[in-house]
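K.L.:
Have a look at this one.
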Amino acid sequence: MKVAALLLSALLASGSSVAQNLLDCHIAPGWEQSGAIRQFDSGNLFDYKDGGAEGYLIFGFVRMSTIDCKSADSTITIDLSEMTDPDAAYGLFAANLDPNSPISQIGMGGQVQPQSATFAKGNFYVEIVEVSSDANADDSSTLRSMASTLEVRLSGRVTPPAQLRWFPPDNVAPVRMVPESVIGLRELRRGYVAKYQAGQAFIVLEATPESASLVLKSLRLHFPGAVPALVGDEAWIVNAPYLGGICIFRKGRVLAGYVNLPTPQQAATQAAALAGRIP
Amino acid sequence: MPSRTSRRDFLTAGVSAGLLAPLASATPAFGVLKPQSGAAPSSSAIKLSYKTLGRTGLRVTSVGFGCMITSDPSVIERAADLGINYFDTARSYSRGNNERMVGAALGVKRKQIVLSTKTHASDKTGMMQHLDQSLRELNTDYIDIWYLHARSDPAEITDDHIEAQQLAKQQGKVRFIGVSTHSGQPQLIPWMIQKKAFDVVLAAYNFTMDPAMDKAVETASEAGLGVVAMKVMAGGARSHKPGDPIGGKLAQPGAMLSALKWVVKNPNVATTVPSITDMDQLDENLKAMQYAFNAIDAGILTAHLERIRPLYCRMCGACEGKCREGLPVADVLRCLTYADGYGQFALGRERYLELAQAPVRCADCAGCTVDCPHGVHVARRMARAQELFA
């Protein structure tokens, strides 16, 4: 089973027609394929997603296969996106999920709603969207079944990025991946952000402790009032418009911190707790 | 009809006024993030330029804010504090999460800014549901401009859609209505003018486009349609594949700003909505209102156009009757522009199949007799069209 899944993934990565083996309307009874399977890459995703293509590209999009399935007056479209890595796939999933709906155990994470289902597994992000003549129709059981069947066909990681577990668990919205400019600062290139009742925390993984240290120093140049703090291996705190009380620290090759707290001292207290959770 | 003015001429026109403007890089980035006294930076320190958005009468900053890929609300908040007053989002961005973030970021500033969003719903009922959802997520009781999202052909806009927009206007939920379009503008804009139902067009527009787009924008403006430009940086460096020379060129420092300034200088464009993800980009974009398009900008963009010159047909007609096989070269290349330039593959293929031409494959021809005076690689482009459409 594992070998078959790996083979399919390898074939998908190498060509286009293989998607036909993965995308199949018969994964739910009563649904028939309408039209051919279409393929898109970063050069022509615009043709399909129009302006929305940017939202995929920014996360590290490689290619997409899409199929339309019909049953009576309803159409279900399955978009299978291959991303550069599992974190990118999870990031795209997290960016698009409804924070008010529960996350399902499908792959690394999934979400099923009355007319849509999404999930991420390995390098893949899958969107299953129904367009029905009844705008209030609830086909979540069909969509969940399709998502589960498709998930089995895909290989790859089924656990969310490890960094998600480092955040204190009392976040008020799902942790999301920010593909560039974490907390609006370009030096923090790609990472995760968790929102809390007060403030938000972020985690960015650098290649080495040395490169993380350099980024921390570079960031500090933008905040001349920053003063050192005793958090992690090195840290500083400052108060700034828009980001409020800030504490940014380095622990090994991890850059993390808290922003938008009433004072830098409060940010440091929260950051110390976060540092304690980072292995 | 496409203008005969070359894009190179167009780039350099009007440059002299800004010739002595400082280099973009002369202003340090993050200037306004410096020493924090607790108060937000005053917009009085930033030079802003305003234009009127067509018949809406709204006064908008000539640089707005495209929120689609923004992750952090602090960037939006700061842009509003600095005086940018046009913000654009859409119901579909991040499945509604973008509207929620924009609504939270703008908060108490709502009344001071012009807020636009879009719907891609296919019918009146769906549109009205989208609108109510947008109002909730944006935490407001009205939308300034409500667009039909991503239409490229008049056939994609039904009476049902227009009725929904008019109803929303009557209900006071939206102030003005429009259409957003990434492709097909030269066909869509004249139709919108004739329809007399719309106030604003949000159109992809940048320095790489065919002169027909300049004309379309001018026509819209003259007819009173407010013109908002998107994709002003020609997709930026992000949309181009690694190794692509166009992407490499736009990735150079200052190139994105030059592209933005090129659009801002067009009097027919009221505002622009470049994507902004961080404070650096915000600071850079603000410079498009402080410094005029100058010779350095023109040089950067001209160099970029040189790279796409082999692909870019100006429709000058010099190739007419030159093909020994009698192929209608300019017409075929126009079809290719529909597909490659405007992303309108179906339209390009339809027009291509309508052309009366001999069953000749350019790839099999011993030597091409068509020599484009502007440097278009005619044989290669013709072969591509045949491969793509035939």
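So you can find residues: chains in the structure tokens are A, B, ... in the order shown, residues in each start at 1, and ligands are numbered from 1 in order.
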Hey, which bits of chain A sit within 8 Å of chain B, and for each residue what's the closest pair of atoms and how far apart in Å (one decimal), counting only C-alpha atoms, rows by chain and increasing number, as CSV?
P.N.:
```
residue,atom,partner,partner_atom,distance
A:Ser42,CA,B:Ser239,CA,7.2
A:Gly43,CA,B:Lys241,CA,7.1
A:Phe46,CA,B:Gly343,CA,7.5
A:Asp47,CA,B:Gly343,CA,5.9
A:Asp50,CA,B:Ala150,CA,6.8
A:Gly51,CA,B:His182,CA,7.3
A:Gly52,CA,B:Tyr93,CA,6.9
A:Glu54,CA,B:Ile69,CA,7.3
A:Gly55,CA,B:Ile69,CA,6.1
A:Leu57,CA,B:Ser239,CA,7.0
A:Ile58,CA,B:Arg238,CA,7.3
A:Ala95,CA,B:Ser94,CA,6.0
A:Asn96,CA,B:Ser94,CA,4.6
A:Leu97,CA,B:Arg95,CA,7.1
A:Asp98,CA,B:Asn97,CA,7.4
A:Ala135,CA,B:Gly126,CA,7.5
A:Val178,CA,B:Ser71,CA,6.4
A:Glu180,CA,B:Thr277,CA,7.5
A:Ser181,CA,B:Asp278,CA,5.7
A:Val182,CA,B:Asp72,CA,7.3
A:Ile183,CA,B:Asp72,CA,5.4
A:Gly184,CA,B:Asp278,CA,4.2
A:Leu185,CA,B:Asp278,CA,5.6
A:Arg186,CA,B:Asp278,CA,6.1
A:His222,CA,B:Lys34,CA,6.2
A:Phe223,CA,B:Lys34,CA,6.2
A:Pro224,CA,B:Pro35,CA,6.1
A:Gly225,CA,B:Pro35,CA,6.4
A:Asn239,CA,B:Gln36,CA,6.9
A:Ala240,CA,B:Gln36,CA,5.4
A:Pro241,CA,B:Ala40,CA,5.8
A:Tyr242,CA,B:Ser74,CA,5.3
A:Leu243,CA,B:Ser74,CA,6.8
```
K.L.:
If we count only C-alpha atoms and set the cut-off at 9 Å, which residues sit around Val231 of chain A, ignoring sequence neighbours fewer than 3 positions away in its own chain? Please answer as a PyMOL selection string.
P.N.:
chain A and resi 228+234-236+247-251+268-269+271-272+275
K.L.:
At a cut-off of 8 Å, using only C-alpha atoms, what residues contact Met233 of chain B? Leave out same-chain residues fewer than 6 positions from it and give the result as an mmCIF file with N, CA and C atoms, in the first residue's frame.
P.N.:
```cif
data_model
loop_
_atom_site.group_PDB
_atom_site.id
_atom_site.type_symbol
_atom_site.label_atom_id
_atom_site.label_comp_id
_atom_site.auth_asym_id
_atom_site.auth_seq_id
_atom_site.Cartn_x
_atom_site.Cartn_y
_atom_site.Cartn_z
ATOM 1 N N ASN B 206 -0.201 47.376 -16.566
ATOM 2 C CA ASN B 206 1.207 47.640 -16.252
ATOM 3 C C ASN B 206 1.996 47.912 -17.530
ATOM 4 N N MET B 256 10.572 47.324 -8.924
ATOM 5 C CA MET B 256 9.143 47.276 -8.612
ATOM 6 C C MET B 256 8.594 48.698 -8.443
ATOM 7 N N ALA B 259 8.036 50.304 -11.735
ATOM 8 C CA ALA B 259 6.809 49.797 -12.364
ATOM 9 C C ALA B 259 5.583 50.483 -11.765
ATOM 10 N N LEU B 260 5.591 50.666 -10.467
ATOM 11 C CA LEU B 260 4.460 51.325 -9.809
ATOM 12 C C LEU B 260 4.367 52.788 -10.233
ATOM 13 N N PRO B 274 -1.242 47.708 -5.366
ATOM 14 C CA PRO B 274 -0.161 46.717 -5.293
ATOM 15 C C PRO B 274 -0.284 45.891 -4.012
#
```
K.L.:
Could you pull the residues within 10 Å of segment 157-165 of chain B, counting only C-alpha atoms, minus those fewer than 6 positions along the same chain, as a list of chain:residue names?
P.N.:
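After dropping sequence-adjacent residues, the list is B:Ala121, B:Ser122, B:Asp123, B:Lys124, B:Thr125, B:Gly126, B:Met127, B:Met128, B:Leu131, B:Trp146, B:Tyr147, B:Leu148, B:Arg151, B:Gln171, B:Lys173, B:Val174, B:Arg175, B:Phe176, B:Ile177, B:Gly178, B:Val179, B:Leu188, B:Met192, B:Ala197, B:Phe198.
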K.L.:
Taking 2 positions as the minimum chain separation for residues in the same chain, which residues sit within 12 Å of Gln197 of chain A when counting only C-alpha atoms? Answer as a ChimeraX atom specification.
P.N.:
/A:168-173,194-195,199-201,260-262
K.L.:
May I have the residues within 10 Å of Gly107 of chain B as a list in words, using only C-alpha atoms and disregarding those fewer than 3 positions away in the same chain?
P.N.:
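Result of the neighbour search: Glu77, Val102, Gly103, Ala104, Arg110, Lys111, Leu138, Asn139 and Thr140 of chain B.
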K.L.:
Fewer than 3 positions away in the same chain doesn't count, so skip those; otherwise give me all residues within 8 Å of Val62 of chain A, counting only C-alpha atoms, as an NGL selection string.
P.N.:
:A and (41-42 or 81-84)
K.L.:
Got time to write the residues from that selection, N, CA and C atoms, as an mmCIF file, in the first residue's frame?
P.N.:
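Once everything was written out, this is selection_4.cif:
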```
data_model
loop_
_atom_site.group_PDB
_atom_site.id
_atom_site.type_symbol
_atom_site.label_atom_id
_atom_site.label_comp_id
_atom_site.auth_asym_id
_atom_site.auth_seq_id
_atom_site.Cartn_x
_atom_site.Cartn_y
_atom_site.Cartn_z
ATOM 1 N N ASP A 41 0.543 24.824 -13.781
ATOM 2 C CA ASP A 41 1.761 25.032 -13.005
ATOM 3 C C ASP A 41 1.845 26.509 -12.633
ATOM 4 N N SER A 42 2.973 26.919 -12.067
ATOM 5 C CA SER A 42 3.047 28.304 -11.588
ATOM 6 C C SER A 42 2.951 29.304 -12.740
ATOM 7 N N SER A 81 -3.363 20.283 -5.279
ATOM 8 C CA SER A 81 -2.166 21.120 -5.454
ATOM 9 C C SER A 81 -0.956 20.426 -4.872
ATOM 10 N N GLU A 82 0.117 20.423 -5.624
ATOM 11 C CA GLU A 82 1.374 19.928 -5.097
ATOM 12 C C GLU A 82 2.238 21.122 -4.731
ATOM 13 N N MET A 83 2.717 21.136 -3.494
ATOM 14 C CA MET A 83 3.503 22.252 -3.000
ATOM 15 C C MET A 83 4.965 21.835 -2.859
ATOM 16 N N THR A 84 5.820 22.790 -2.541
ATOM 17 C CA THR A 84 7.253 22.491 -2.478
ATOM 18 C C THR A 84 7.604 21.545 -1.338
#
```
K.L.:
Distance atom CA of Leu53 of chain B-atom CA of Val201 of chain B, one decimal place?
P.N.:
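Atom CA of Val201 of chain B lies 10.0 Å from atom CA of Leu53 of chain B.
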K.L.:
Ranking A:Asp87, A:Glu187, A:Asp139, A:Glu130 by minimum distance to Gly109 of chain A and counting only C-alpha atoms, which one comes first?
P.N.:
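Looking only at the distances to Gly109 of chain A, the closest residue turns out to be A:Asp87.
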K.L.:
Return the single residue from A:Lys70, A:Ile128, A:Ala207, A:Phe202 that is closest to Gly257 of chain A, with distances computed using only C-alpha atoms.
P.N.:
A:Phe202
K.L.:
For the structure I just gave you, how does DSSP split segment 96-198 of chain B - specifically, which residues are helix (DSSP H, G or I)? Reply as a PyMOL selection string.
P.N.:
chain B and resi 96-112+124-137+154-156+159-170+185-195
K.L.:
As a ChimeraX atom specification, please: every residue in segment 108-179 of chain A that a backbone DSSP assignment puts in strand (DSSP E or B).
P.N.:
/A:109-113,116-121,124-131,176-178
K.L.:
Give me a file of those residues, with C-alpha atoms, as a short mmCIF file (atom, residue, chain, number, x, y, z; two decimals), in the first residue's frame.
P.N.:
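Just written: selection.cif:
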```cif
data_model
loop_
_atom_site.label_atom_id
_atom_site.label_comp_id
_atom_site.auth_asym_id
_atom_site.auth_seq_id
_atom_site.Cartn_x
_atom_site.Cartn_y
_atom_site.Cartn_z
CA GLY A 109 -5.25 18.46 9.04
CA GLY A 110 -8.54 18.86 7.28
CA GLN A 111 -11.80 20.73 7.46
CA VAL A 112 -15.19 19.63 6.21
CA GLN A 113 -18.03 22.07 5.74
CA SER A 116 -16.43 22.16 0.84
CA ALA A 117 -13.64 20.05 2.25
CA THR A 118 -9.94 20.80 2.44
CA PHE A 119 -6.96 18.93 3.76
CA ALA A 120 -3.19 18.74 3.54
CA LYS A 121 -1.07 15.62 3.41
CA PHE A 124 -0.35 18.00 -1.22
CA TYR A 125 -3.14 20.43 -0.50
CA VAL A 126 -6.60 19.34 -1.60
CA GLU A 127 -9.73 21.42 -2.04
CA ILE A 128 -13.06 19.78 -2.78
CA VAL A 129 -15.76 22.33 -3.49
CA GLU A 130 -19.37 21.69 -4.37
CA VAL A 131 -21.54 24.04 -6.38
CA ARG A 176 -1.18 29.89 10.68
CA MET A 177 1.89 29.78 8.55
CA VAL A 178 3.05 33.12 7.18
#
```
